[in-house]
file work18.txt (compact mmCIF, C-alpha atoms and all ligand atoms)
# COMPACT_ATOMS: atom_id res chain seq x y z
CA MET A 11 32.51 25.69 146.02
CA THR A 12 30.67 23.82 143.29
CA VAL A 13 27.04 23.02 142.82
CA ALA A 14 27.39 19.30 143.43
CA ALA A 15 24.58 16.80 143.26
CA HIS A 16 22.86 16.42 146.62
CA LYS A 17 23.40 13.08 148.28
CA ALA A 18 19.93 11.73 148.46
CA GLU A 19 18.63 9.42 151.12
CA ASP A 20 15.75 7.93 149.25
CA ILE A 21 12.52 6.91 150.85
CA ALA A 22 12.20 3.17 151.11
CA PRO A 23 9.14 1.86 149.27
CA GLY A 24 6.12 2.06 151.52
CA GLN A 25 7.88 4.21 154.11
CA ASP A 26 6.14 7.33 155.29
CA VAL A 27 8.21 10.44 154.72
CA LEU A 28 7.53 11.84 158.19
CA ASP A 29 8.60 8.56 159.81
CA ALA A 30 11.77 8.69 157.73
CA ALA A 31 12.31 12.34 158.68
CA ARG A 32 11.88 11.57 162.38
CA GLU A 33 14.76 9.12 162.27
CA GLN A 34 16.95 10.93 159.75
CA VAL A 35 16.47 14.61 160.55
CA LEU A 36 15.32 14.70 164.16
CA GLU A 37 17.56 11.93 165.47
CA ARG A 38 20.61 12.24 163.22
CA GLY A 39 20.43 15.84 161.98
CA VAL A 40 20.67 14.84 158.32
CA GLY A 41 18.56 17.05 156.04
CA LEU A 42 15.96 15.63 153.69
CA SER A 43 16.85 14.81 150.08
CA GLU A 44 15.13 16.46 147.14
CA GLN A 45 12.82 13.51 146.68
CA GLN A 46 11.93 13.55 150.36
CA VAL A 47 11.28 17.30 150.36
CA LEU A 48 8.95 16.81 147.43
CA ALA A 49 7.09 14.09 149.33
CA VAL A 50 6.68 16.50 152.25
CA LEU A 51 5.36 19.25 149.98
CA ARG A 52 2.77 16.76 148.70
CA LEU A 53 1.45 15.73 152.10
CA GLY A 54 -2.30 16.14 152.48
CA ASP A 55 -3.90 18.83 154.59
CA ASP A 56 -4.67 16.20 157.22
CA ARG A 57 -0.92 15.75 157.86
CA ILE A 58 0.00 19.44 158.21
CA GLN A 59 -0.21 19.58 162.01
CA GLU A 60 1.97 16.50 162.32
CA LEU A 61 4.44 17.99 159.83
CA LEU A 62 4.63 21.32 161.67
CA ALA A 63 5.11 19.58 165.00
CA LEU A 64 8.01 17.57 163.60
CA ALA A 65 9.61 20.65 162.01
CA HIS A 66 9.29 22.42 165.36
CA ASP A 67 10.92 19.49 167.19
CA VAL A 68 13.76 19.54 164.67
CA ARG A 69 14.26 23.27 165.15
CA MET A 70 14.23 22.91 168.97
CA ARG A 71 16.64 19.99 168.90
CA TRP A 72 19.18 21.40 166.43
CA CYS A 73 18.82 25.18 166.90
CA GLY A 74 17.18 25.68 170.29
CA PRO A 75 14.34 27.95 171.42
CA GLU A 76 15.94 31.35 170.70
CA VAL A 77 14.61 33.52 167.91
CA GLU A 78 16.88 35.95 166.10
CA VAL A 79 15.21 39.30 165.52
CA GLU A 80 16.36 41.58 162.73
CA GLY A 81 15.39 44.91 161.24
CA ILE A 82 16.16 46.02 157.69
CA VAL A 83 16.23 49.29 155.83
CA SER A 84 16.70 50.37 152.26
CA VAL A 85 19.44 52.99 151.81
CA LYS A 86 19.01 53.17 148.07
CA THR A 87 15.51 52.46 146.82
CA GLY A 88 14.36 51.88 143.24
CA GLY A 89 16.02 52.54 139.91
CA CYS A 90 17.79 49.17 139.79
CA PRO A 91 19.10 48.20 136.33
CA GLU A 92 18.29 44.50 136.85
CA ASP A 93 15.03 42.84 135.78
CA CYS A 94 14.07 40.51 138.64
CA HIS A 95 10.42 40.04 137.67
CA PHE A 96 9.09 40.15 141.23
CA CYS A 97 10.77 43.40 142.18
CA SER A 98 9.11 46.79 142.48
CA GLN A 99 12.55 48.41 142.56
CA SER A 100 13.60 47.40 139.06
CA GLY A 101 13.90 50.45 136.84
CA ARG A 102 12.74 48.33 133.90
CA PHE A 103 9.11 48.02 134.96
CA PRO A 104 6.47 50.75 135.28
CA THR A 105 6.11 50.43 139.05
CA PRO A 106 5.08 53.29 141.34
CA VAL A 107 8.38 53.09 143.26
CA ARG A 108 10.59 56.13 142.72
CA ALA A 109 14.31 56.25 143.41
CA ALA A 110 15.26 57.45 146.90
CA TRP A 111 18.43 57.61 149.01
CA LEU A 112 18.38 57.47 152.79
CA ASP A 113 20.81 59.93 154.40
CA ILE A 114 23.14 59.02 157.26
CA PRO A 115 20.99 60.51 160.07
CA GLY A 116 18.05 58.55 158.65
CA LEU A 117 20.11 55.37 158.64
CA VAL A 118 21.24 55.89 162.23
CA GLU A 119 17.65 56.49 163.29
CA ALA A 120 16.55 53.28 161.54
CA ALA A 121 19.29 51.36 163.37
CA ARG A 122 18.17 52.91 166.66
CA GLN A 123 14.52 51.98 166.07
CA THR A 124 15.61 48.45 165.26
CA ALA A 125 17.81 48.11 168.34
CA GLU A 126 14.97 49.39 170.53
CA THR A 127 12.87 46.37 169.60
CA GLY A 128 15.55 44.09 171.08
CA ALA A 129 16.75 43.07 167.64
CA THR A 130 20.40 42.08 167.36
CA GLU A 131 20.73 42.43 163.59
CA PHE A 132 20.39 45.41 161.35
CA CYS A 133 20.62 44.88 157.62
CA ILE A 134 21.50 47.73 155.26
CA VAL A 135 20.04 47.06 151.82
CA ALA A 136 20.45 48.74 148.44
CA ALA A 137 18.63 48.14 145.15
CA VAL A 138 21.62 47.74 142.89
CA ARG A 139 23.26 45.17 140.64
CA GLY A 140 26.36 45.68 142.75
CA PRO A 141 27.70 48.57 144.82
CA ASP A 142 29.61 51.49 143.30
CA LYS A 143 32.10 53.74 145.09
CA ARG A 144 29.37 56.12 146.26
CA LEU A 145 27.33 53.35 147.85
CA MET A 146 30.37 51.73 149.48
CA SER A 147 31.38 55.01 151.07
CA GLN A 148 27.79 55.69 152.18
CA VAL A 149 27.74 52.28 153.87
CA ARG A 150 31.14 52.88 155.46
CA GLU A 151 30.06 56.25 156.77
CA GLY A 152 26.74 54.84 157.95
CA ILE A 153 28.33 52.00 159.91
CA ARG A 154 30.72 54.42 161.54
CA ALA A 155 27.84 56.75 162.48
CA ILE A 156 25.82 53.86 163.97
CA GLU A 157 28.83 52.89 166.09
CA ASP A 158 29.52 56.50 167.09
CA ALA A 159 25.91 56.81 168.22
CA GLY A 160 26.55 53.90 170.60
CA ILE A 161 23.89 51.68 169.05
CA ASP A 162 24.65 48.12 170.02
CA ILE A 163 23.66 46.03 167.04
CA GLN A 164 25.37 43.76 164.52
CA ILE A 165 25.49 45.03 160.96
CA ALA A 166 24.61 42.98 157.91
CA CYS A 167 24.53 44.23 154.32
CA SER A 168 22.73 43.35 151.12
CA LEU A 169 24.25 45.28 148.24
CA GLY A 170 23.99 42.91 145.30
CA MET A 171 26.85 41.20 143.52
CA LEU A 172 30.32 41.96 144.83
CA THR A 173 33.90 41.97 143.59
CA GLN A 174 36.59 40.42 145.76
CA ASP A 175 37.82 43.90 146.70
CA GLN A 176 34.35 44.89 147.84
CA VAL A 177 34.03 41.70 149.88
CA ASN A 178 37.31 42.53 151.60
CA GLU A 179 36.22 46.10 152.19
CA LEU A 180 32.97 45.00 153.86
CA VAL A 181 34.86 42.62 156.15
CA GLU A 182 37.17 45.44 157.11
CA MET A 183 34.15 47.69 157.87
CA GLY A 184 32.98 45.09 160.36
CA VAL A 185 30.02 43.74 158.38
CA HIS A 186 29.49 40.31 159.89
CA ARG A 187 26.84 38.88 157.58
CA TYR A 188 26.00 39.36 153.92
CA ASN A 189 22.62 38.73 152.35
CA HIS A 190 22.42 37.69 148.75
CA ASN A 191 19.44 35.58 147.74
CA LEU A 192 19.53 32.89 145.09
CA GLU A 193 15.80 33.72 144.89
CA THR A 194 14.57 30.45 143.39
CA ALA A 195 15.64 27.05 142.06
CA ARG A 196 18.51 27.14 139.60
CA SER A 197 16.27 25.65 136.91
CA HIS A 198 13.65 28.39 137.39
CA PHE A 199 15.98 31.36 137.76
CA PRO A 200 16.20 32.25 134.02
CA GLU A 201 12.40 32.69 134.03
CA VAL A 202 12.67 35.21 136.85
CA VAL A 203 15.82 37.17 136.00
CA THR A 204 17.50 37.63 132.62
CA THR A 205 20.08 40.34 133.39
CA HIS A 206 22.33 38.12 135.49
CA SER A 207 22.63 34.45 136.28
CA TRP A 208 22.15 32.18 139.27
CA GLU A 209 25.82 31.26 138.94
CA GLU A 210 26.90 34.89 139.24
CA ARG A 211 24.95 35.10 142.47
CA TRP A 212 26.56 31.85 143.66
CA GLU A 213 30.01 33.33 142.96
CA THR A 214 29.34 36.31 145.28
CA LEU A 215 28.18 33.89 147.97
CA ARG A 216 31.37 31.85 147.58
CA MET A 217 33.55 34.94 148.07
CA VAL A 218 31.50 36.09 151.06
CA ARG A 219 31.85 32.70 152.73
CA GLU A 220 35.58 32.46 152.04
CA ALA A 221 36.15 35.92 153.48
CA GLY A 222 34.64 34.74 156.76
CA MET A 223 31.34 36.63 156.69
CA GLU A 224 28.19 34.74 157.58
CA VAL A 225 26.17 33.86 154.49
CA CYS A 226 22.49 34.80 154.42
CA CYS A 227 20.77 33.38 151.37
CA GLY A 228 17.16 32.58 150.65
CA GLY A 229 14.50 33.44 148.16
CA ILE A 230 10.89 33.97 147.29
CA VAL A 231 8.19 31.36 146.86
CA GLY A 232 5.20 31.91 144.62
CA MET A 233 6.96 33.00 141.43
CA GLY A 234 5.46 30.35 139.18
CA GLU A 235 7.87 27.60 140.25
CA THR A 236 6.64 24.02 140.35
CA GLU A 237 6.54 21.86 143.47
CA GLU A 238 9.55 20.01 142.09
CA GLN A 239 11.42 23.29 141.79
CA ARG A 240 10.58 24.18 145.39
CA ALA A 241 12.16 20.89 146.44
CA GLU A 242 15.11 21.57 144.13
CA PHE A 243 15.60 24.99 145.71
CA ALA A 244 15.52 23.60 149.25
CA VAL A 245 18.35 21.17 148.55
CA GLN A 246 20.35 23.73 146.59
CA LEU A 247 20.22 26.00 149.63
CA ALA A 248 21.11 23.08 151.88
CA GLU A 249 24.17 22.46 149.74
CA LEU A 250 25.23 26.07 150.01
CA GLY A 251 24.87 25.67 153.79
CA PRO A 252 24.09 29.29 154.62
CA HIS A 253 24.05 30.51 158.18
CA GLU A 254 20.62 31.98 157.52
CA VAL A 255 17.81 31.44 155.00
CA PRO A 256 15.25 34.25 154.70
CA MET A 257 11.96 32.97 153.29
CA ASN A 258 9.81 35.41 151.39
CA PHE A 259 6.38 34.84 149.90
CA LEU A 260 5.65 36.78 146.75
CA ILE A 261 3.89 40.10 147.22
CA PRO A 262 2.53 40.82 143.73
CA GLN A 263 3.87 44.29 143.01
CA PRO A 264 1.94 46.60 140.69
CA GLY A 265 3.72 47.22 137.40
CA THR A 266 5.93 44.12 137.59
CA PRO A 267 5.46 41.07 135.36
CA TYR A 268 4.16 39.22 138.45
CA GLU A 269 1.57 41.82 139.46
CA ASP A 270 -1.34 39.44 138.86
CA TYR A 271 0.17 36.36 140.46
CA GLU A 272 -1.84 34.72 143.20
CA VAL A 273 -0.36 34.90 146.66
CA VAL A 274 0.82 31.56 148.01
CA ASP A 275 -1.90 29.62 149.78
CA GLY A 276 -1.45 29.67 153.56
CA LYS A 277 -1.36 25.88 153.95
CA ASP A 278 1.19 25.57 151.16
CA ALA A 279 3.30 28.25 152.79
CA LEU A 280 3.33 26.29 156.06
CA ARG A 281 4.23 23.07 154.21
CA ILE A 282 7.09 24.92 152.51
CA VAL A 283 8.41 26.38 155.77
CA ALA A 284 8.38 22.97 157.43
CA ALA A 285 9.91 21.24 154.40
CA PHE A 286 12.75 23.77 154.31
CA ARG A 287 13.37 23.18 158.01
CA LEU A 288 13.53 19.44 157.42
CA ALA A 289 15.99 20.02 154.55
CA MET A 290 18.15 22.31 156.73
CA PRO A 291 17.89 21.24 160.38
CA ARG A 292 20.64 23.55 161.69
CA THR A 293 20.11 26.67 159.58
CA MET A 294 18.52 29.83 160.85
CA LEU A 295 15.21 30.03 159.00
CA ARG A 296 13.81 33.52 158.88
CA PHE A 297 10.30 34.75 158.16
CA ALA A 298 10.82 37.66 155.79
CA GLY A 299 8.48 39.50 153.42
CA GLY A 300 5.00 38.43 152.40
CA ARG A 301 4.02 36.49 155.51
CA GLU A 302 1.42 39.12 156.41
CA LEU A 303 -0.37 38.60 153.09
CA THR A 304 0.03 34.85 152.83
CA LEU A 305 -0.37 33.74 156.42
CA GLY A 306 -1.91 36.54 158.45
CA ASP A 307 -1.48 36.66 162.23
CA LEU A 308 -2.53 33.11 163.00
CA GLY A 309 -0.37 31.62 160.25
CA ALA A 310 2.67 33.56 161.43
CA GLU A 311 2.28 31.89 164.80
CA GLN A 312 1.92 28.48 163.20
CA GLY A 313 5.10 29.14 161.22
CA MET A 314 6.96 29.97 164.43
CA LEU A 315 5.77 26.61 165.72
CA GLY A 316 6.62 24.90 162.43
CA GLY A 317 10.32 25.42 161.91
CA ILE A 318 10.95 29.18 161.81
CA ASN A 319 13.48 30.54 164.31
CA ALA A 320 14.14 34.10 163.12
CA ILE A 321 12.04 37.05 162.02
CA ILE A 322 12.29 40.43 160.41
CA VAL A 323 10.37 42.87 162.59
CA GLY A 324 8.86 46.15 161.50
CA ASN A 325 8.75 47.26 157.92
CA TYR A 326 10.56 45.86 154.90
CA LEU A 327 12.24 47.72 152.03
CA THR A 328 9.25 49.05 150.13
CA ASN A 329 6.46 47.23 151.95
CA LEU A 330 5.14 47.55 155.47
CA GLY A 331 5.16 44.76 158.03
CA ARG A 332 3.00 44.50 161.10
CA PRO A 333 4.22 46.56 164.07
CA ALA A 334 7.30 45.11 165.77
CA SER A 335 5.42 45.12 169.09
CA ARG A 336 2.93 42.58 167.72
CA ASP A 337 5.71 40.15 166.78
CA LEU A 338 7.45 40.62 170.11
CA GLU A 339 4.19 39.90 171.96
CA MET A 340 3.77 36.79 169.85
CA LEU A 341 7.26 35.54 170.81
CA ASP A 342 6.49 36.24 174.44
CA GLU A 343 3.25 34.29 174.26
CA LEU A 344 5.06 31.40 172.61
CA SER A 345 7.75 31.54 175.34
CA MET A 346 10.44 31.92 172.71
CA PRO A 347 13.33 34.03 173.98
CA ILE A 348 14.88 36.62 171.69
CA LYS A 349 18.45 35.71 170.85
CA ALA A 350 20.86 37.99 172.70
CA LEU A 351 23.69 39.90 171.09
CA ASN A 352 26.76 37.80 170.28
CA ASP A 353 25.05 34.51 171.01
CA THR A 354 25.49 32.06 168.22
CA LEU A 355 22.54 29.94 167.38
CA MET B 24 -11.01 67.79 137.68
CA PRO B 25 -11.35 65.15 140.44
CA ASP B 26 -10.50 66.41 143.88
CA ARG B 27 -8.85 63.29 145.36
CA TYR B 28 -6.69 60.51 143.97
CA CYS B 29 -6.09 57.00 145.26
CA ALA B 30 -2.70 56.85 146.99
CA TRP B 31 -2.19 53.27 145.86
CA CYS B 32 -3.12 53.28 142.16
CA GLY B 33 -3.09 56.99 141.39
CA HIS B 34 -6.53 57.03 139.74
CA PRO B 35 -9.31 59.39 140.78
CA GLU B 36 -11.06 58.17 143.93
CA SER B 37 -14.42 58.85 142.31
CA GLU B 38 -13.71 56.54 139.36
CA GLY B 39 -13.49 52.77 139.49
CA GLU B 40 -13.04 50.35 142.35
CA HIS B 41 -10.42 50.93 145.03
CA ALA B 42 -11.23 48.20 147.54
CA THR B 43 -8.00 46.29 146.81
CA CYS B 44 -6.03 49.54 146.93
CA ARG B 45 -7.44 50.33 150.34
CA ARG B 46 -6.71 46.84 151.61
CA ARG B 47 -3.09 47.08 150.48
CA LEU B 48 -2.72 50.56 152.00
CA ALA B 49 -4.17 49.34 155.28
CA SER B 50 -1.80 46.39 155.47
CA ILE B 51 1.42 46.25 153.48
CA ASP B 52 1.88 49.31 151.28
CA PRO B 53 2.79 52.92 151.95
CA PRO B 54 1.11 55.55 149.74
CA ARG B 55 2.78 55.88 146.35
CA TYR B 56 0.71 58.61 144.65
CA CYS B 57 -0.07 62.05 145.99
CA PRO B 58 -3.79 62.13 146.89
CA GLU B 59 -3.98 65.76 145.76
CA CYS B 60 -2.33 65.63 142.34
CA ALA B 61 -1.59 61.93 141.61
CA ARG B 62 2.13 62.57 141.13
CA ARG B 63 4.33 59.62 142.05
CA MET B 64 5.91 60.42 145.40
CA VAL B 65 9.42 59.71 146.66
CA VAL B 66 8.77 57.23 149.46
CA GLN B 67 11.18 56.11 152.15
CA VAL B 68 10.17 53.13 154.26
CA THR B 69 11.95 52.76 157.62
CA PRO B 70 11.62 49.99 160.23
CA SER B 71 8.85 51.82 162.05
CA GLY B 72 7.20 54.05 159.46
CA TRP B 73 7.38 55.84 156.13
CA THR B 74 7.67 59.29 154.62
CA ALA B 75 6.30 60.27 151.22
CA ARG B 76 7.19 63.45 149.37
CA CYS B 77 5.28 65.05 146.51
CA SER B 78 7.32 67.61 144.56
CA ARG B 79 4.29 69.93 144.61
CA HIS B 80 2.50 69.18 147.88
CA GLY B 81 5.32 68.39 150.26
CA GLU B 82 5.94 65.59 152.72
CA SER B 83 3.56 63.34 154.60
CA ALA B 84 4.47 60.63 157.10
CA SER B 85 3.00 57.62 158.88
CA ALA B 86 1.48 58.15 162.28
CA PRO B 87 4.06 57.79 165.08
CA SER B 88 4.44 54.11 165.90
CA VAL B 89 2.95 52.77 169.07
CA GLY B 90 5.47 50.67 170.99
S1 LIG A 401 18.85 43.14 141.79
FE1 LIG A 401 17.64 43.44 143.67
S2 LIG A 401 16.82 45.51 143.58
FE2 LIG A 401 17.55 44.99 141.53
S3 LIG A 401 15.72 44.23 140.45
FE3 LIG A 401 16.77 42.44 141.32
S4 LIG A 401 15.85 42.13 143.34
FE4 LIG A 401 15.27 44.21 142.66
ZN ZN A 402 -6.90 52.81 143.77
ZN ZN A 403 0.95 66.36 145.00
call {"tool": "encode", "arguments": {"input": "work18.txt", "output": "structure tokens", "more": "lines below"}}
Ligand code: SF4
Ligand SMILES: [Zn+2]
Ligand SMILES: [Zn+2]
result
Amino acid sequence: MTVAAHKAEDIAPGQDVLDAAREQVLERGVGLSEQQVLAVLRLGDDRIQELLALAHDVRMRWCGPEVEVEGIVSVKTGGCPEDCHFCSQSGRFPTPVRAAWLDIPGLVEAARQTAETGATEFCIVAAVRGPDKRLMSQVREGIRAIEDAGIDIQIACSLGMLTQDQVNELVEMGVHRYNHNLETARSHFPEVVTTHSWEERWETLRMVREAGMEVCCGGIVGMGETEEQRAEFAVQLAELGPHEVPMNFLIPQPGTPYEDYEVVDGKDALRIVAAFRLAMPRTMLRFAGGRELTLGDLGAEQGMLGGINAIIVGNYLTNLGRPASRDLEMLDELSMPIKALNDTL
Amino acid sequence: MPDRYCAWCGHPESEGEHATCRRRLASIDPPRYCPECARRMVVQVTPSGWTARCSRHGESASAPSVG
């Protein structure tokens, strides 16, 4: 897998980008080019409703009405040696987050709570550069305990950068999806992280894909990237072709270099969601962290009607989400069925 | 000695402004500092709640989730 240049379908002079998207993305299922994504991000406020409606049509046509519901839990919190500038779990910044390990009974209980919401995915997450032997055996034991408890849920993991042996081990444990975010555009990444590179992250994703696990890869908006870099990121993700893209909006975390950053404006967040949908018509696009702060309740609903077709319910790793019941009620009101176990979107 | 500390920023409740702290605690953040002694607590967030442990004052937890 190489990071090849995206094949751009340019906008003809004078052509409206949403007209072009209707023909190209909705009719033919071809994602927008970088230039087109940028044009979408620059649409005026008066075009937002039209944009969201189109993104919703694209999602319904190429993914269908189901929504995949997932819960996540942190098994190893804080004390990470990396320096991702947005992260409260980096041991390099004076954040209030202290290191913590979740024991196996706690992990099983978290999986049970997640399954009870109707979620089909449970993601086990650790704040590490990459897993060591202790973490791998904790995950192995945890997965076995979840199965032994008869909890019917698919297991995903997010354990940082992997070696080939670790990739193989996870496959053998039955992990069906692996999350590893590229976080931001390649050109912006060195501003956000200095302890590892975008390319190292890409390499883990390549191994995960080749080993047959589903690739889950997204990032965070609102980390000082330009509009151009948002468009760049959308097409870089499209090129990777992940099964799932989790979209986070920056939560400024006390003690991190980004603690004073403004949260992303709600309208911009909706434009970004829709633009990412138009860049990736068939990908599962998941609302992840930060939506509560950026969009509130009403905005979350607009996002669900503007291209999103998956959500994380309940709490996140170090932050709290709104109660799962509120999201499930929202899906019910929107007549969006929750994806059943073993259905493929 | 102040009697209570802000669970979000760890400063005495009686000093300074804690409106933002309270907003964050009411929406997206679990407590991080012990309200009794301002020690950083070991916090575990789970899908439906959180627990926070102060080495001196013990463990507290979120209210049981509804639904
Ligand atoms: S590698 Fe993960 S846990 Fe560690 S600092 Fe970066 S984002 Fe945080
Ligand atoms: Zn405070
Ligand atoms: Zn205390």
call {"tool": "interface_residues", "arguments": {"input": "work18.txt", "of": "chain A", "to": "chain B", "cutoff": "8 Å", "atoms": "only C-alpha atoms", "output": "ChimeraX atom specification"}}
result
/A:81-84,87,106-110,112,120,123-124,302-303,323-335
call {"tool": "residues_near_ligand", "arguments": {"input": "work18.txt", "ligand": "ligand ZN 402 (chain A)", "cutoff": "12 Å", "atoms": "all atoms listed in the file", "output": "PDB file with C-alpha atoms, in the frame of the given file"}}
result
ATOM      1  CA  PRO A 264       1.940  46.600 140.690  1.00  0.00           C
TER       2      PRO A 264
ATOM      3  CA  ARG B  27      -8.850  63.290 145.360  1.00  0.00           C
ATOM      4  CA  TYR B  28      -6.690  60.510 143.970  1.00  0.00           C
ATOM      5  CA  CYS B  29      -6.090  57.000 145.260  1.00  0.00           C
ATOM      6  CA  ALA B  30      -2.700  56.850 146.990  1.00  0.00           C
ATOM      7  CA  TRP B  31      -2.190  53.270 145.860  1.00  0.00           C
ATOM      8  CA  CYS B  32      -3.120  53.280 142.160  1.00  0.00           C
ATOM      9  CA  GLY B  33      -3.090  56.990 141.390  1.00  0.00           C
ATOM     10  CA  HIS B  34      -6.530  57.030 139.740  1.00  0.00           C
ATOM     11  CA  PRO B  35      -9.310  59.390 140.780  1.00  0.00           C
ATOM     12  CA  GLU B  36     -11.060  58.170 143.930  1.00  0.00           C
ATOM     13  CA  SER B  37     -14.420  58.850 142.310  1.00  0.00           C
ATOM     14  CA  GLU B  38     -13.710  56.540 139.360  1.00  0.00           C
ATOM     15  CA  GLY B  39     -13.490  52.770 139.490  1.00  0.00           C
ATOM     16  CA  GLU B  40     -13.040  50.350 142.350  1.00  0.00           C
ATOM     17  CA  HIS B  41     -10.420  50.930 145.030  1.00  0.00           C
ATOM     18  CA  ALA B  42     -11.230  48.200 147.540  1.00  0.00           C
ATOM     19  CA  THR B  43      -8.000  46.290 146.810  1.00  0.00           C
ATOM     20  CA  CYS B  44      -6.030  49.540 146.930  1.00  0.00           C
ATOM     21  CA  ARG B  45      -7.440  50.330 150.340  1.00  0.00           C
ATOM     22  CA  ARG B  46      -6.710  46.840 151.610  1.00  0.00           C
ATOM     23  CA  ARG B  47      -3.090  47.080 150.480  1.00  0.00           C
ATOM     24  CA  LEU B  48      -2.720  50.560 152.000  1.00  0.00           C
ATOM     25  CA  PRO B  54       1.110  55.550 149.740  1.00  0.00           C
ATOM     26  CA  ARG B  55       2.780  55.880 146.350  1.00  0.00           C
ATOM     27  CA  TYR B  56       0.710  58.610 144.650  1.00  0.00           C
ATOM     28  CA  CYS B  57      -0.070  62.050 145.990  1.00  0.00           C
ATOM     29  CA  PRO B  58      -3.790  62.130 146.890  1.00  0.00           C
ATOM     30  CA  ALA B  61      -1.590  61.930 141.610  1.00  0.00           C
TER      31      ALA B  61
END
call {"tool": "residues_near_point", "arguments": {"input": "work18.txt", "point": "(15.0, 34.0, 140.2)", "cutoff": "10 Å", "atoms": "all atoms listed in the file", "output": "MDAnalysis selection string"}}
result
chainID A and resid 93:96 191:204 206:208 229:231 233 235
call {"tool": "write_last_selection", "arguments": {"input": "work18.txt", "atoms": "C-alpha atoms", "output": "PDB file, keeping the file's coordinate frame"}}
result
ATOM      1  CA  ASP A  93      15.030  42.840 135.780  1.00  0.00           C
ATOM      2  CA  CYS A  94      14.070  40.510 138.640  1.00  0.00           C
ATOM      3  CA  HIS A  95      10.420  40.040 137.670  1.00  0.00           C
ATOM      4  CA  PHE A  96       9.090  40.150 141.230  1.00  0.00           C
ATOM      5  CA  ASN A 191      19.440  35.580 147.740  1.00  0.00           C
ATOM      6  CA  LEU A 192      19.530  32.890 145.090  1.00  0.00           C
ATOM      7  CA  GLU A 193      15.800  33.720 144.890  1.00  0.00           C
ATOM      8  CA  THR A 194      14.570  30.450 143.390  1.00  0.00           C
ATOM      9  CA  ALA A 195      15.640  27.050 142.060  1.00  0.00           C
ATOM     10  CA  ARG A 196      18.510  27.140 139.600  1.00  0.00           C
ATOM     11  CA  SER A 197      16.270  25.650 136.910  1.00  0.00           C
ATOM     12  CA  HIS A 198      13.650  28.390 137.390  1.00  0.00           C
ATOM     13  CA  PHE A 199      15.980  31.360 137.760  1.00  0.00           C
ATOM     14  CA  PRO A 200      16.200  32.250 134.020  1.00  0.00           C
ATOM     15  CA  GLU A 201      12.400  32.690 134.030  1.00  0.00           C
ATOM     16  CA  VAL A 202      12.670  35.210 136.850  1.00  0.00           C
ATOM     17  CA  VAL A 203      15.820  37.170 136.000  1.00  0.00           C
ATOM     18  CA  THR A 204      17.500  37.630 132.620  1.00  0.00           C
ATOM     19  CA  HIS A 206      22.330  38.120 135.490  1.00  0.00           C
ATOM     20  CA  SER A 207      22.630  34.450 136.280  1.00  0.00           C
ATOM     21  CA  TRP A 208      22.150  32.180 139.270  1.00  0.00           C
ATOM     22  CA  GLY A 229      14.500  33.440 148.160  1.00  0.00           C
ATOM     23  CA  ILE A 230      10.890  33.970 147.290  1.00  0.00           C
ATOM     24  CA  VAL A 231       8.190  31.360 146.860  1.00  0.00           C
ATOM     25  CA  MET A 233       6.960  33.000 141.430  1.00  0.00           C
ATOM     26  CA  GLU A 235       7.870  27.600 140.250  1.00  0.00           C
TER      27      GLU A 235
END
call {"tool": "residues_near_ligand", "arguments": {"input": "work18.txt", "ligand": "ligand LIG 401 (chain A)", "cutoff": "7 Å", "atoms": "all atoms listed in the file", "output": "ChimeraX atom specification"}}
result
/A:88,90-94,97-100,136-139,170
call {"tool": "closest_residue", "arguments": {"input": "work18.txt", "among": "B:Glu59, B:Glu82, B:Thr74, B:Asp26", "to": "ligand ZN 403 (chain A)", "atoms": "only C-alpha atoms and all ligand atoms"}}
result
B:Glu59
call {"tool": "residues_around", "arguments": {"input": "work18.txt", "residues": "range 214-218 of chain A", "least_positions_apart": "4", "cutoff": "12 Å", "atoms": "only C-alpha atoms", "output": "PyMOL selection string"}}
result
chain A and resi 11-13+139-140+166-181+185-192+207-210+222-228+247+250-253
call {"tool": "closest_residue", "arguments": {"input": "work18.txt", "among": "A:Leu48, A:Ala285, A:Ile156, A:Ala279", "to": "Phe297 in chain A", "atoms": "only C-alpha atoms"}}
result
A:Ala279
call {"tool": "atom_distance", "arguments": {"input": "work18.txt", "atom1": "CA of Arg211 in chain A", "atom2": "CA of Met290 in chain A"}}
result
20.3 Å
call {"tool": "residues_around", "arguments": {"input": "work18.txt", "residues": "Asp337 in chain A", "least_positions_apart": "6", "cutoff": "10 Å", "atoms": "all atoms listed in the file", "output": "mmCIF file with C-alpha atoms, in the frame of the given file"}}
result
data_model
loop_
_atom_site.group_PDB
_atom_site.id
_atom_site.type_symbol
_atom_site.label_atom_id
_atom_site.label_comp_id
_atom_site.auth_asym_id
_atom_site.auth_seq_id
_atom_site.Cartn_x
_atom_site.Cartn_y
_atom_site.Cartn_z
ATOM 1 C CA VAL A 79 15.210 39.300 165.520
ATOM 2 C CA THR A 127 12.870 46.370 169.600
ATOM 3 C CA ASP A 307 -1.480 36.660 162.230
ATOM 4 C CA ALA A 310 2.670 33.560 161.430
ATOM 5 C CA GLU A 311 2.280 31.890 164.800
ATOM 6 C CA ILE A 321 12.040 37.050 162.020
ATOM 7 C CA ILE A 322 12.290 40.430 160.410
ATOM 8 C CA VAL A 323 10.370 42.870 162.590
ATOM 9 C CA GLY A 324 8.860 46.150 161.500
ATOM 10 C CA GLY A 331 5.160 44.760 158.030
ATOM 11 C CA GLU A 343 3.250 34.290 174.260
#
call {"tool": "atom_distance", "arguments": {"input": "work18.txt", "atom1": "CA of Tyr268 in chain A", "atom2": "CA of Arg102 in chain A"}}
result
13.3 Å
call {"tool": "atom_distance", "arguments": {"input": "work18.txt", "atom1": "CA of Val135 in chain A", "atom2": "CA of Lys86 in chain A"}}
result
7.2 Å
